[in-house]
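Each remark here refers to the structure printed beneath this line.
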Amino acid sequence: MNRDFLNWLAGFIEGEGCFSYHRSTAKTPRPKPVFVLTLRGDDEDVVREIQRELCIGSIYTMNKRPEGNKWKRNDKPGIQWQVYRTDDCERLATLLSGATFHSKKARDFRIWCQLVEAFISRADTETLEVIANELSAVKKYTESEDNRE
């Protein structure tokens, strides 16, 4: 994989990406790693190029939100690249481990990689919860920092 592309992608992720997790709906919910990159719909070509280059993840279009939906910042259509499958998360973690992150997103990525590794190795739910809670704590802390600026 081209190092220049990976470093460009890392920079792009620093601004627009989200290393996170999803809880399954099974009886014993286990945090599952997921990565999401969301852009305005007019940047669709960028998202599709990233997916084409990496050959992982799925692309979803997001239409205008219904009136009264307060969590959406604007009402413009968007596009989202989701890396959800476990093997895709593992590949993304491996690829980006060779890239350079320059912001606090580096902490998110480091913790997310731990979650990916633990999930793949079938760690117990308690271990996954500890890592997921650490990722959530870092996100809450950095979001509160952003709101003070």
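Chain labels run A, B, ... following the order of the structure tokens; each chain numbers its residues from 1, and ligands are numbered from 1 in the order shown.
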_Which residues are near segment 89-105 of chain A? Cut-off 6 Å, only C-alpha atoms, ignore same chain within fewer than 4 positions. Put them as a list in words._
Leu6, Asn7, Ala10, Glu14 and Cys113 of chain A
Only N, CA and C atoms, please: the residues just picked out, written as a PDB file, in the first residue's frame.
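What landed in result08.pdb:
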```pdb
ATOM      1  N   LEU A   6      -1.606   6.364   2.597  1.00  0.00           N
ATOM      2  CA  LEU A   6      -1.958   6.050   3.981  1.00  0.00           C
ATOM      3  C   LEU A   6      -1.785   7.262   4.897  1.00  0.00           C
ATOM      4  N   ASN A   7      -0.735   8.035   4.689  1.00  0.00           N
ATOM      5  CA  ASN A   7      -0.550   9.243   5.498  1.00  0.00           C
ATOM      6  C   ASN A   7      -1.612  10.288   5.169  1.00  0.00           C
ATOM      7  N   ALA A  10      -4.708   9.063   6.909  1.00  0.00           N
ATOM      8  CA  ALA A  10      -4.632   9.319   8.356  1.00  0.00           C
ATOM      9  C   ALA A  10      -4.993  10.774   8.653  1.00  0.00           C
ATOM     10  N   GLU A  14      -8.221  12.079  10.738  1.00  0.00           N
ATOM     11  CA  GLU A  14      -8.112  12.964  11.890  1.00  0.00           C
ATOM     12  C   GLU A  14      -9.218  14.011  11.894  1.00  0.00           C
ATOM     13  N   CYS A 113      -7.412  -0.085  18.090  1.00  0.00           N
ATOM     14  CA  CYS A 113      -6.618  -1.247  17.675  1.00  0.00           C
ATOM     15  C   CYS A 113      -6.589  -2.305  18.769  1.00  0.00           C
TER      16      CYS A 113
END
```
*Where does DSSP see strand (DSSP E) in segment 24-117 of chain A, if you list the residues as JSON, numbers by chain?*
{"A": [31, 32, 33, 34, 35, 36, 37, 38, 39, 40, 58, 59, 60, 61, 62, 78, 79, 80, 81, 82, 83]}
What does the file look like for those residues with N, CA and C atoms, as a PDB file, in the first residue's frame?
```pdb
ATOM      1  N   PRO A  31     -18.909  -5.312  22.938  1.00  0.00           N
ATOM      2  CA  PRO A  31     -18.505  -4.196  22.088  1.00  0.00           C
ATOM      3  C   PRO A  31     -17.739  -4.705  20.869  1.00  0.00           C
ATOM      4  N   LYS A  32     -18.168  -4.295  19.689  1.00  0.00           N
ATOM      5  CA  LYS A  32     -17.545  -4.716  18.433  1.00  0.00           C
ATOM      6  C   LYS A  32     -16.946  -3.488  17.767  1.00  0.00           C
ATOM      7  N   PRO A  33     -15.682  -3.546  17.353  1.00  0.00           N
ATOM      8  CA  PRO A  33     -15.073  -2.372  16.727  1.00  0.00           C
ATOM      9  C   PRO A  33     -15.756  -1.992  15.417  1.00  0.00           C
ATOM     10  N   VAL A  34     -15.806  -0.697  15.178  1.00  0.00           N
ATOM     11  CA  VAL A  34     -16.354  -0.165  13.934  1.00  0.00           C
ATOM     12  C   VAL A  34     -15.654   1.168  13.650  1.00  0.00           C
ATOM     13  N   PHE A  35     -15.465   1.450  12.380  1.00  0.00           N
ATOM     14  CA  PHE A  35     -14.910   2.742  11.972  1.00  0.00           C
ATOM     15  C   PHE A  35     -15.885   3.389  11.011  1.00  0.00           C
ATOM     16  N   VAL A  36     -16.096   4.691  11.164  1.00  0.00           N
ATOM     17  CA  VAL A  36     -17.027   5.421  10.300  1.00  0.00           C
ATOM     18  C   VAL A  36     -16.378   6.721   9.851  1.00  0.00           C
ATOM     19  N   LEU A  37     -16.509   7.017   8.579  1.00  0.00           N
ATOM     20  CA  LEU A  37     -16.072   8.288   8.016  1.00  0.00           C
ATOM     21  C   LEU A  37     -17.281   8.893   7.318  1.00  0.00           C
ATOM     22  N   THR A  38     -17.697  10.073   7.747  1.00  0.00           N
ATOM     23  CA  THR A  38     -18.900  10.706   7.219  1.00  0.00           C
ATOM     24  C   THR A  38     -18.548  12.038   6.584  1.00  0.00           C
ATOM     25  N   LEU A  39     -19.049  12.240   5.368  1.00  0.00           N
ATOM     26  CA  LEU A  39     -18.827  13.493   4.635  1.00  0.00           C
ATOM     27  C   LEU A  39     -20.132  13.972   4.013  1.00  0.00           C
ATOM     28  N   ARG A  40     -20.116  15.192   3.530  1.00  0.00           N
ATOM     29  CA  ARG A  40     -21.250  15.691   2.764  1.00  0.00           C
ATOM     30  C   ARG A  40     -21.352  14.912   1.464  1.00  0.00           C
ATOM     31  N   SER A  58     -18.131  -0.569   3.601  1.00  0.00           N
ATOM     32  CA  SER A  58     -19.323  -0.344   2.789  1.00  0.00           C
ATOM     33  C   SER A  58     -19.649   1.134   2.787  1.00  0.00           C
ATOM     34  N   ILE A  59     -20.280   1.574   1.707  1.00  0.00           N
ATOM     35  CA  ILE A  59     -20.657   2.981   1.566  1.00  0.00           C
ATOM     36  C   ILE A  59     -22.171   3.093   1.628  1.00  0.00           C
ATOM     37  N   TYR A  60     -22.621   4.074   2.400  1.00  0.00           N
ATOM     38  CA  TYR A  60     -24.046   4.339   2.548  1.00  0.00           C
ATOM     39  C   TYR A  60     -24.315   5.814   2.287  1.00  0.00           C
ATOM     40  N   THR A  61     -25.386   6.085   1.592  1.00  0.00           N
ATOM     41  CA  THR A  61     -25.798   7.474   1.415  1.00  0.00           C
ATOM     42  C   THR A  61     -26.791   7.819   2.505  1.00  0.00           C
ATOM     43  N   MET A  62     -26.727   9.043   2.946  1.00  0.00           N
ATOM     44  CA  MET A  62     -27.614   9.522   3.999  1.00  0.00           C
ATOM     45  C   MET A  62     -28.435  10.661   3.412  1.00  0.00           C
ATOM     46  N   GLY A  78     -25.583  13.254   2.933  1.00  0.00           N
ATOM     47  CA  GLY A  78     -24.212  12.885   3.245  1.00  0.00           C
ATOM     48  C   GLY A  78     -23.889  11.505   2.706  1.00  0.00           C
ATOM     49  N   ILE A  79     -22.639  11.138   2.882  1.00  0.00           N
ATOM     50  CA  ILE A  79     -22.184   9.814   2.491  1.00  0.00           C
ATOM     51  C   ILE A  79     -21.292   9.291   3.603  1.00  0.00           C
ATOM     52  N   GLN A  80     -21.380   8.006   3.846  1.00  0.00           N
ATOM     53  CA  GLN A  80     -20.659   7.416   4.959  1.00  0.00           C
ATOM     54  C   GLN A  80     -19.972   6.129   4.517  1.00  0.00           C
ATOM     55  N   TRP A  81     -18.716   6.010   4.903  1.00  0.00           N
ATOM     56  CA  TRP A  81     -17.956   4.779   4.694  1.00  0.00           C
ATOM     57  C   TRP A  81     -17.867   4.102   6.049  1.00  0.00           C
ATOM     58  N   GLN A  82     -18.398   2.900   6.156  1.00  0.00           N
ATOM     59  CA  GLN A  82     -18.386   2.155   7.405  1.00  0.00           C
ATOM     60  C   GLN A  82     -17.512   0.915   7.258  1.00  0.00           C
ATOM     61  N   VAL A  83     -16.624   0.747   8.196  1.00  0.00           N
ATOM     62  CA  VAL A  83     -15.813  -0.463   8.272  1.00  0.00           C
ATOM     63  C   VAL A  83     -16.324  -1.198   9.508  1.00  0.00           C
TER      64      VAL A  83
END
```
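You will find atom CA of Glu53 of chain A at 13.2 Å from atom CA of Asp88 of chain A.
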_DSSP on the backbone, alpha helix (DSSP H) only: what residues of chain A does that give? Format it as a ChimeraX atom specification._
/A:3-16,44-54,86-96,105-120,125-148
*If we count only C-alpha atoms, what is near Thr127 of chain A at a cut-off of 10 Å, once residues fewer than 3 positions away on the same chain are taken out, given as a list of chain:residue names?*
A:Arg30, A:Pro31, A:Leu115, A:Ala118, A:Phe119, A:Arg122, A:Ala123, A:Asp124, A:Val130, A:Ile131, A:Ala132, A:Asn133
Take the selection from the previous step and output its residues with N, CA and C atoms, as a PDB file, in the first residue's frame.
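Written out: out_17.pdb:
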```pdb
ATOM      1  N   ARG A  30     -21.513  -7.588  23.347  1.00  0.00           N
ATOM      2  CA  ARG A  30     -20.064  -7.422  23.350  1.00  0.00           C
ATOM      3  C   ARG A  30     -19.730  -6.234  22.461  1.00  0.00           C
ATOM      4  N   PRO A  31     -18.909  -5.312  22.938  1.00  0.00           N
ATOM      5  CA  PRO A  31     -18.505  -4.196  22.088  1.00  0.00           C
ATOM      6  C   PRO A  31     -17.739  -4.705  20.869  1.00  0.00           C
ATOM      7  N   LEU A 115      -8.991  -2.810  20.873  1.00  0.00           N
ATOM      8  CA  LEU A 115     -10.322  -3.419  20.826  1.00  0.00           C
ATOM      9  C   LEU A 115     -10.419  -4.408  19.670  1.00  0.00           C
ATOM     10  N   ALA A 118      -8.463  -7.522  20.670  1.00  0.00           N
ATOM     11  CA  ALA A 118      -9.171  -8.283  21.705  1.00  0.00           C
ATOM     12  C   ALA A 118     -10.400  -8.980  21.126  1.00  0.00           C
ATOM     13  N   PHE A 119     -11.105  -8.303  20.234  1.00  0.00           N
ATOM     14  CA  PHE A 119     -12.302  -8.897  19.631  1.00  0.00           C
ATOM     15  C   PHE A 119     -11.925 -10.104  18.773  1.00  0.00           C
ATOM     16  N   ARG A 122     -11.082 -13.170  20.624  1.00  0.00           N
ATOM     17  CA  ARG A 122     -12.238 -13.649  21.405  1.00  0.00           C
ATOM     18  C   ARG A 122     -12.061 -13.439  22.908  1.00  0.00           C
ATOM     19  N   ALA A 123     -11.573 -12.242  23.242  1.00  0.00           N
ATOM     20  CA  ALA A 123     -11.429 -11.889  24.658  1.00  0.00           C
ATOM     21  C   ALA A 123     -12.803 -11.908  25.319  1.00  0.00           C
ATOM     22  N   ASP A 124     -12.795 -12.083  26.620  1.00  0.00           N
ATOM     23  CA  ASP A 124     -14.069 -12.121  27.346  1.00  0.00           C
ATOM     24  C   ASP A 124     -14.733 -10.735  27.305  1.00  0.00           C
ATOM     25  N   VAL A 130     -13.776  -3.039  29.173  1.00  0.00           N
ATOM     26  CA  VAL A 130     -12.739  -2.153  29.708  1.00  0.00           C
ATOM     27  C   VAL A 130     -12.140  -1.315  28.578  1.00  0.00           C
ATOM     28  N   ILE A 131     -11.834  -1.949  27.465  1.00  0.00           N
ATOM     29  CA  ILE A 131     -11.245  -1.235  26.329  1.00  0.00           C
ATOM     30  C   ILE A 131     -12.259  -0.265  25.734  1.00  0.00           C
ATOM     31  N   ALA A 132     -13.501  -0.711  25.555  1.00  0.00           N
ATOM     32  CA  ALA A 132     -14.553   0.157  25.000  1.00  0.00           C
ATOM     33  C   ALA A 132     -14.783   1.367  25.907  1.00  0.00           C
ATOM     34  N   ASN A 133     -14.785   1.145  27.217  1.00  0.00           N
ATOM     35  CA  ASN A 133     -14.964   2.265  28.148  1.00  0.00           C
ATOM     36  C   ASN A 133     -13.808   3.245  28.072  1.00  0.00           C
TER      37      ASN A 133
END
```
*Distance in Å - atom CA of Tyr21 of chain A versus atom CA of Glu126 of chain A*: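 Result for atom CA of Tyr21 of chain A versus atom CA of Glu126 of chain A: 14.7 Å, one decimal.
Considering only C-alpha atoms, the residue among A:Thr125, A:Glu117, A:Ala106, A:Ile56 positioned nearest to Arg23 of chain A is A:Thr125.
Between atom CA of Trp112 of chain A and atom CA of Val46 of chain A lies a distance of 23.6 Å.
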*Find the residue from A:Gly57, A:Thr86, A:Val47, A:Pro29 that sits nearest to Glu16 of chain A; use only C-alpha atoms when measuring.*
A:Val47
